[in-house]
Amino acid sequence: TVPTTTTTVPITTTTVPITTTTVPITTTTVPITTTTVPITTTTVPTTTTTVPITTTTVPTTTTGPNDTFDTNVIDSSRWLVSSGGSTVAAANQQLEITHSAGPWTAGTVQSATSYDQTGRSVQVQLKRAAGNGLGGSTYGETSLFVQLDPTHYAELWVSGGALTAWVNNGSGAVNLTPSWPRYSSSTMQWLRFRESGGTIFFDYAAGTTSPGPWTQLASTTPTFGLTSVRLRMVAGSNVTTSDVTQIDNISTS
């Protein structure tokens, strides 16, 4: 048996002192120097150049139906055409509505757009009326309308040897010329609707190339408006030989 020897080693504890050093902080104030820079304002003179404006006055085209048919073409921008058996064409530098011999046929030409009749005149040269405006067992009829719609219109009617003026205010056509003035293809070759102060005047005149002095046939104060009307021309015939209605020189002023 080996004897066990126990040796006790003493532990020495050493305390190390901590030294705290205070470092002073030095604050340095840096002076700021402000420099004022003078601003120089330079006034640049402005030159104003006046540019003259040239105003061109474009003449206003009179609104309303206008045509001489000199090109022998019916202008679809001006006219609407319908046929009830008659042929409607521009020929011989005029508007022609040709009716074949025999039973009744007719043709219609109407302005394509409406116009304002107020304070204006629209005139038509009726070179030849259907059936020459005569009456009898066979005859022709030619009507010129300033029309708002089918039941509101003013009408000049050539038939039965008479030129008559009519108005329809919505309750039926009324004859303004009950004496049935005798029609003359020479002294009544020009027909006109003229509006003034709310009254429509129905006029006629003689002349081969231009109208002579106008004669008033009748007048009326319609109850319908005239600011959006159309010119409508209708011709029909049942004569025994071929017949032609001739219309020309339509103008609005």
# chains A, B, ... in the order shown; residues from 1 in each chain; ligands from 1
call {"tool": "residues_around", "arguments": {"residues": "Gln246 (chain A)", "least_positions_apart": "4", "cutoff": "10 Å", "atoms": "only C-alpha atoms", "output": "MDAnalysis selection string"}}
result
chainID A and resid 90:92 94:98 125:130 132 235
call {"tool": "closest_atom_pairs", "arguments": {"of": "region 133-241 of chain A", "to": "region 66-80 of chain A", "cutoff": "12 Å", "atoms": "only C-alpha atoms", "output": "JSON lines"}}
result
{"residue": "A:Thr209", "atom": "CA", "partner": "A:Thr68", "partner_atom": "CA", "distance": 11.5}
{"residue": "A:Arg230", "atom": "CA", "partner": "A:Trp79", "partner_atom": "CA", "distance": 10.2}
{"residue": "A:Leu231", "atom": "CA", "partner": "A:Trp79", "partner_atom": "CA", "distance": 9.5}
{"residue": "A:Arg232", "atom": "CA", "partner": "A:Leu80", "partner_atom": "CA", "distance": 9.3}
{"residue": "A:Met233", "atom": "CA", "partner": "A:Leu80", "partner_atom": "CA", "distance": 10.5}
{"residue": "A:Val234", "atom": "CA", "partner": "A:Leu80", "partner_atom": "CA", "distance": 11.9}
call {"tool": "select_by_dssp", "arguments": {"residues": "region 68-172 of chain A", "states": "strand (DSSP E)", "output": "short mmCIF file (atom, residue, chain, number, x, y, z; two decimals) with N, CA and C atoms, in the first residue's frame"}}
result
data_model
loop_
_atom_site.label_atom_id
_atom_site.label_comp_id
_atom_site.auth_asym_id
_atom_site.auth_seq_id
_atom_site.Cartn_x
_atom_site.Cartn_y
_atom_site.Cartn_z
N TRP A 79 -80.99 68.45 -106.04
CA TRP A 79 -82.34 68.01 -106.39
C TRP A 79 -82.57 66.54 -106.09
N LEU A 80 -83.78 66.24 -105.65
CA LEU A 80 -84.26 64.87 -105.51
C LEU A 80 -85.31 64.64 -106.58
N VAL A 81 -85.17 63.54 -107.30
CA VAL A 81 -86.06 63.26 -108.44
C VAL A 81 -86.86 62.00 -108.17
N SER A 82 -88.14 62.05 -108.50
CA SER A 82 -88.97 60.84 -108.45
C SER A 82 -89.89 60.82 -109.67
N SER A 83 -90.21 59.63 -110.10
CA SER A 83 -91.01 59.50 -111.33
C SER A 83 -92.25 58.66 -111.09
N GLY A 84 -93.36 59.15 -111.66
CA GLY A 84 -94.59 58.39 -111.67
C GLY A 84 -94.93 58.03 -113.11
N THR A 87 -90.43 60.78 -117.59
CA THR A 87 -88.98 60.82 -117.56
C THR A 87 -88.52 62.21 -117.12
N VAL A 88 -87.66 62.25 -116.11
CA VAL A 88 -87.15 63.53 -115.60
C VAL A 88 -85.66 63.61 -115.95
N ALA A 89 -85.27 64.66 -116.66
CA ALA A 89 -83.88 64.79 -117.08
C ALA A 89 -83.53 66.26 -117.31
N ALA A 90 -82.23 66.54 -117.27
CA ALA A 90 -81.73 67.84 -117.69
C ALA A 90 -81.27 67.68 -119.13
N ALA A 91 -81.88 68.42 -120.03
CA ALA A 91 -81.57 68.33 -121.46
C ALA A 91 -81.83 69.69 -122.10
N GLN A 94 -81.98 72.79 -119.82
CA GLN A 94 -83.17 73.07 -119.03
C GLN A 94 -83.63 71.77 -118.39
N LEU A 95 -84.55 71.88 -117.46
CA LEU A 95 -85.14 70.70 -116.83
C LEU A 95 -86.34 70.28 -117.66
N GLU A 96 -86.37 69.00 -118.05
CA GLU A 96 -87.47 68.50 -118.88
C GLU A 96 -88.12 67.30 -118.20
N ILE A 97 -89.44 67.36 -118.09
CA ILE A 97 -90.24 66.23 -117.60
C ILE A 97 -91.08 65.77 -118.77
N THR A 98 -90.75 64.60 -119.31
CA THR A 98 -91.38 64.10 -120.54
C THR A 98 -92.46 63.08 -120.19
N HIS A 99 -93.65 63.32 -120.72
CA HIS A 99 -94.80 62.46 -120.47
C HIS A 99 -95.13 61.71 -121.76
N THR A 105 -99.17 60.16 -116.50
CA THR A 105 -97.84 59.97 -115.94
C THR A 105 -97.39 61.31 -115.34
N ALA A 106 -96.44 61.24 -114.43
CA ALA A 106 -95.97 62.47 -113.78
C ALA A 106 -94.53 62.32 -113.33
N GLY A 107 -93.91 63.46 -113.07
CA GLY A 107 -92.55 63.48 -112.54
C GLY A 107 -92.42 64.59 -111.52
N THR A 108 -91.54 64.40 -110.54
CA THR A 108 -91.37 65.37 -109.46
C THR A 108 -89.89 65.67 -109.25
N VAL A 109 -89.59 66.93 -109.05
CA VAL A 109 -88.24 67.38 -108.69
C VAL A 109 -88.37 68.26 -107.45
N GLN A 110 -87.60 67.95 -106.43
CA GLN A 110 -87.68 68.69 -105.16
C GLN A 110 -86.28 69.07 -104.71
N SER A 111 -86.14 70.26 -104.12
CA SER A 111 -84.83 70.67 -103.62
C SER A 111 -84.34 69.68 -102.57
N SER A 121 -87.15 85.66 -102.12
CA SER A 121 -87.96 85.31 -103.29
C SER A 121 -87.33 84.12 -103.99
N VAL A 122 -88.15 83.19 -104.43
CA VAL A 122 -87.67 82.10 -105.28
C VAL A 122 -88.50 82.14 -106.56
N GLN A 123 -87.80 82.15 -107.69
CA GLN A 123 -88.49 82.29 -108.97
C GLN A 123 -88.10 81.15 -109.92
N VAL A 124 -89.02 80.84 -110.82
CA VAL A 124 -88.86 79.73 -111.76
C VAL A 124 -89.34 80.20 -113.13
N GLN A 125 -88.58 79.86 -114.15
CA GLN A 125 -89.06 80.11 -115.51
C GLN A 125 -89.76 78.85 -116.01
N LEU A 126 -91.05 78.95 -116.18
CA LEU A 126 -91.84 77.84 -116.71
C LEU A 126 -91.97 78.06 -118.22
N LYS A 127 -91.02 77.47 -118.95
CA LYS A 127 -91.01 77.69 -120.40
C LYS A 127 -92.19 77.01 -121.09
N ARG A 128 -92.54 75.85 -120.57
CA ARG A 128 -93.72 75.17 -121.10
C ARG A 128 -94.35 74.34 -119.99
N GLY A 140 -102.88 68.62 -118.94
CA GLY A 140 -101.68 68.53 -118.12
C GLY A 140 -101.84 69.40 -116.88
N GLU A 141 -101.04 69.11 -115.89
CA GLU A 141 -101.03 69.91 -114.65
C GLU A 141 -99.57 70.16 -114.25
N THR A 142 -99.28 71.40 -113.91
CA THR A 142 -97.95 71.76 -113.41
C THR A 142 -98.12 72.52 -112.11
N SER A 143 -97.43 72.05 -111.08
CA SER A 143 -97.51 72.69 -109.76
C SER A 143 -96.13 73.05 -109.26
N LEU A 144 -96.03 74.23 -108.69
CA LEU A 144 -94.84 74.67 -107.97
C LEU A 144 -95.24 74.87 -106.52
N PHE A 145 -94.47 74.28 -105.62
CA PHE A 145 -94.78 74.37 -104.19
C PHE A 145 -93.61 74.98 -103.42
N VAL A 146 -93.89 75.82 -102.46
CA VAL A 146 -92.98 76.10 -101.35
C VAL A 146 -93.59 75.35 -100.19
N GLN A 147 -92.92 74.28 -99.78
CA GLN A 147 -93.58 73.27 -98.95
C GLN A 147 -92.81 72.97 -97.67
N LEU A 148 -93.56 73.01 -96.56
CA LEU A 148 -93.01 72.57 -95.28
C LEU A 148 -93.14 71.05 -95.17
N ASP A 149 -94.33 70.55 -95.50
CA ASP A 149 -94.61 69.12 -95.53
C ASP A 149 -95.83 68.93 -96.43
N HIS A 152 -98.75 71.33 -95.56
CA HIS A 152 -98.46 72.75 -95.27
C HIS A 152 -97.63 73.31 -96.41
N TYR A 153 -98.26 74.09 -97.28
CA TYR A 153 -97.56 74.59 -98.46
C TYR A 153 -98.28 75.77 -99.10
N ALA A 154 -97.51 76.48 -99.92
CA ALA A 154 -98.07 77.47 -100.85
C ALA A 154 -97.85 76.91 -102.25
N GLU A 155 -98.81 77.11 -103.16
CA GLU A 155 -98.74 76.46 -104.47
C GLU A 155 -99.18 77.39 -105.59
N LEU A 156 -98.44 77.34 -106.68
CA LEU A 156 -98.88 77.93 -107.95
C LEU A 156 -99.20 76.77 -108.88
N TRP A 157 -100.42 76.78 -109.43
CA TRP A 157 -100.92 75.63 -110.21
C TRP A 157 -101.35 76.10 -111.59
N VAL A 158 -100.81 75.43 -112.62
CA VAL A 158 -101.15 75.74 -114.00
C VAL A 158 -101.89 74.54 -114.58
N SER A 159 -103.15 74.73 -114.90
CA SER A 159 -103.96 73.65 -115.49
C SER A 159 -105.31 74.22 -115.92
N ALA A 162 -105.76 77.94 -116.68
CA ALA A 162 -105.72 78.97 -115.62
C ALA A 162 -104.43 78.86 -114.82
N LEU A 163 -104.03 79.99 -114.24
CA LEU A 163 -102.94 80.04 -113.26
C LEU A 163 -103.57 80.42 -111.94
N THR A 164 -103.48 79.55 -110.96
CA THR A 164 -104.12 79.80 -109.67
C THR A 164 -103.11 79.66 -108.53
N ALA A 165 -103.44 80.33 -107.42
CA ALA A 165 -102.60 80.29 -106.22
C ALA A 165 -103.37 79.60 -105.10
N TRP A 166 -102.68 78.74 -104.37
CA TRP A 166 -103.31 77.94 -103.32
C TRP A 166 -102.47 77.98 -102.05
N VAL A 167 -103.10 77.72 -100.91
CA VAL A 167 -102.39 77.56 -99.66
C VAL A 167 -103.06 76.45 -98.86
N ASN A 168 -102.22 75.68 -98.17
CA ASN A 168 -102.73 74.64 -97.28
C ASN A 168 -102.05 74.83 -95.93
N ASN A 169 -102.84 75.22 -94.93
CA ASN A 169 -102.32 75.44 -93.59
C ASN A 169 -102.50 74.22 -92.68
#
call {"tool": "residues_around", "arguments": {"residues": "Arg120 (chain A)", "least_positions_apart": "4", "cutoff": "10 Å", "atoms": "only C-alpha atoms", "output": "PDB file with N, CA, C and O atoms, in the first residue's frame"}}
result
ATOM      1  N   THR A  62     -76.266  82.889-101.810  1.00  0.00           N
ATOM      2  CA  THR A  62     -77.659  82.928-101.385  1.00  0.00           C
ATOM      3  C   THR A  62     -78.168  81.510-101.200  1.00  0.00           C
ATOM      4  O   THR A  62     -78.068  80.682-102.093  1.00  0.00           O
ATOM      5  N   THR A  63     -78.670  81.226-100.008  1.00  0.00           N
ATOM      6  CA  THR A  63     -79.213  79.894 -99.766  1.00  0.00           C
ATOM      7  C   THR A  63     -80.552  79.761-100.467  1.00  0.00           C
ATOM      8  O   THR A  63     -81.275  80.734-100.664  1.00  0.00           O
ATOM      9  N   GLY A  64     -80.867  78.547-100.805  1.00  0.00           N
ATOM     10  CA  GLY A  64     -82.121  78.298-101.502  1.00  0.00           C
ATOM     11  C   GLY A  64     -81.849  77.706-102.875  1.00  0.00           C
ATOM     12  O   GLY A  64     -80.710  77.626-103.332  1.00  0.00           O
ATOM     13  N   ASP A 116     -84.489  78.728 -95.958  1.00  0.00           N
ATOM     14  CA  ASP A 116     -85.310  79.714 -95.261  1.00  0.00           C
ATOM     15  C   ASP A 116     -85.902  80.678 -96.284  1.00  0.00           C
ATOM     16  O   ASP A 116     -85.178  81.410 -96.954  1.00  0.00           O
ATOM     17  N   PHE A 193     -92.493  83.043-105.775  1.00  0.00           N
ATOM     18  CA  PHE A 193     -92.988  83.119-104.403  1.00  0.00           C
ATOM     19  C   PHE A 193     -92.116  84.145-103.686  1.00  0.00           C
ATOM     20  O   PHE A 193     -90.887  84.022-103.681  1.00  0.00           O
ATOM     21  N   ARG A 194     -92.744  85.113-103.069  1.00  0.00           N
ATOM     22  CA  ARG A 194     -91.991  86.162-102.377  1.00  0.00           C
ATOM     23  C   ARG A 194     -92.558  86.329-100.974  1.00  0.00           C
ATOM     24  O   ARG A 194     -93.758  86.485-100.794  1.00  0.00           O
ATOM     25  N   GLU A 195     -91.675  86.314 -99.969  1.00  0.00           N
ATOM     26  CA  GLU A 195     -92.120  86.489 -98.581  1.00  0.00           C
ATOM     27  C   GLU A 195     -91.656  87.836 -98.056  1.00  0.00           C
ATOM     28  O   GLU A 195     -90.525  88.272 -98.266  1.00  0.00           O
ATOM     29  N   SER A 196     -92.566  88.527 -97.362  1.00  0.00           N
ATOM     30  CA  SER A 196     -92.229  89.807 -96.739  1.00  0.00           C
ATOM     31  C   SER A 196     -93.167  90.035 -95.557  1.00  0.00           C
ATOM     32  O   SER A 196     -94.391  89.997 -95.726  1.00  0.00           O
ATOM     33  N   ILE A 200     -96.867  85.750 -97.891  1.00  0.00           N
ATOM     34  CA  ILE A 200     -96.343  85.193 -99.138  1.00  0.00           C
ATOM     35  C   ILE A 200     -97.109  85.830-100.290  1.00  0.00           C
ATOM     36  O   ILE A 200     -98.347  85.846-100.308  1.00  0.00           O
ATOM     37  N   THR A 252     -82.932  81.946-106.164  1.00  0.00           N
ATOM     38  CA  THR A 252     -83.413  82.463-104.885  1.00  0.00           C
ATOM     39  C   THR A 252     -82.629  83.719-104.551  1.00  0.00           C
ATOM     40  O   THR A 252     -81.415  83.765-104.711  1.00  0.00           O
ATOM     41  N   SER A 253     -83.340  84.750-104.153  1.00  0.00           N
ATOM     42  CA  SER A 253     -82.658  86.001-103.820  1.00  0.00           C
ATOM     43  C   SER A 253     -83.296  86.624-102.584  1.00  0.00           C
ATOM     44  O   SER A 253     -84.353  86.211-102.143  1.00  0.00           O
TER      45      SER A 253
END
call {"tool": "residues_around", "arguments": {"residues": "Thr215 (chain A)", "least_positions_apart": "6", "cutoff": "7 Å", "atoms": "only C-alpha atoms", "output": "PDB file with N, CA, C and O atoms, in the first residue's frame"}}
result
ATOM      1  N   ASP A 203     -96.463  85.856-107.582  1.00  0.00           N
ATOM      2  CA  ASP A 203     -96.272  86.812-108.672  1.00  0.00           C
ATOM      3  C   ASP A 203     -95.994  86.090-109.988  1.00  0.00           C
ATOM      4  O   ASP A 203     -95.539  84.943-110.009  1.00  0.00           O
ATOM      5  N   TYR A 204     -96.204  86.818-111.089  1.00  0.00           N
ATOM      6  CA  TYR A 204     -95.840  86.300-112.417  1.00  0.00           C
ATOM      7  C   TYR A 204     -95.300  87.443-113.256  1.00  0.00           C
ATOM      8  O   TYR A 204     -95.526  88.628-112.981  1.00  0.00           O
ATOM      9  N   ALA A 205     -94.564  87.067-114.326  1.00  0.00           N
ATOM     10  CA  ALA A 205     -93.982  88.075-115.215  1.00  0.00           C
ATOM     11  C   ALA A 205     -93.756  87.461-116.583  1.00  0.00           C
ATOM     12  O   ALA A 205     -93.657  86.234-116.734  1.00  0.00           O
TER      13      ALA A 205
END
call {"tool": "atom_distance", "arguments": {"atom1": "CA of Val239 (chain A)", "atom2": "CA of Ser186 (chain A)"}}
result
21.4 Å
call {"tool": "closest_residue", "arguments": {"among": "A:Ser251, A:Thr223, A:Asn238, A:Thr151", "to": "Trp190 (chain A)", "atoms": "only C-alpha atoms"}}
result
A:Ser251
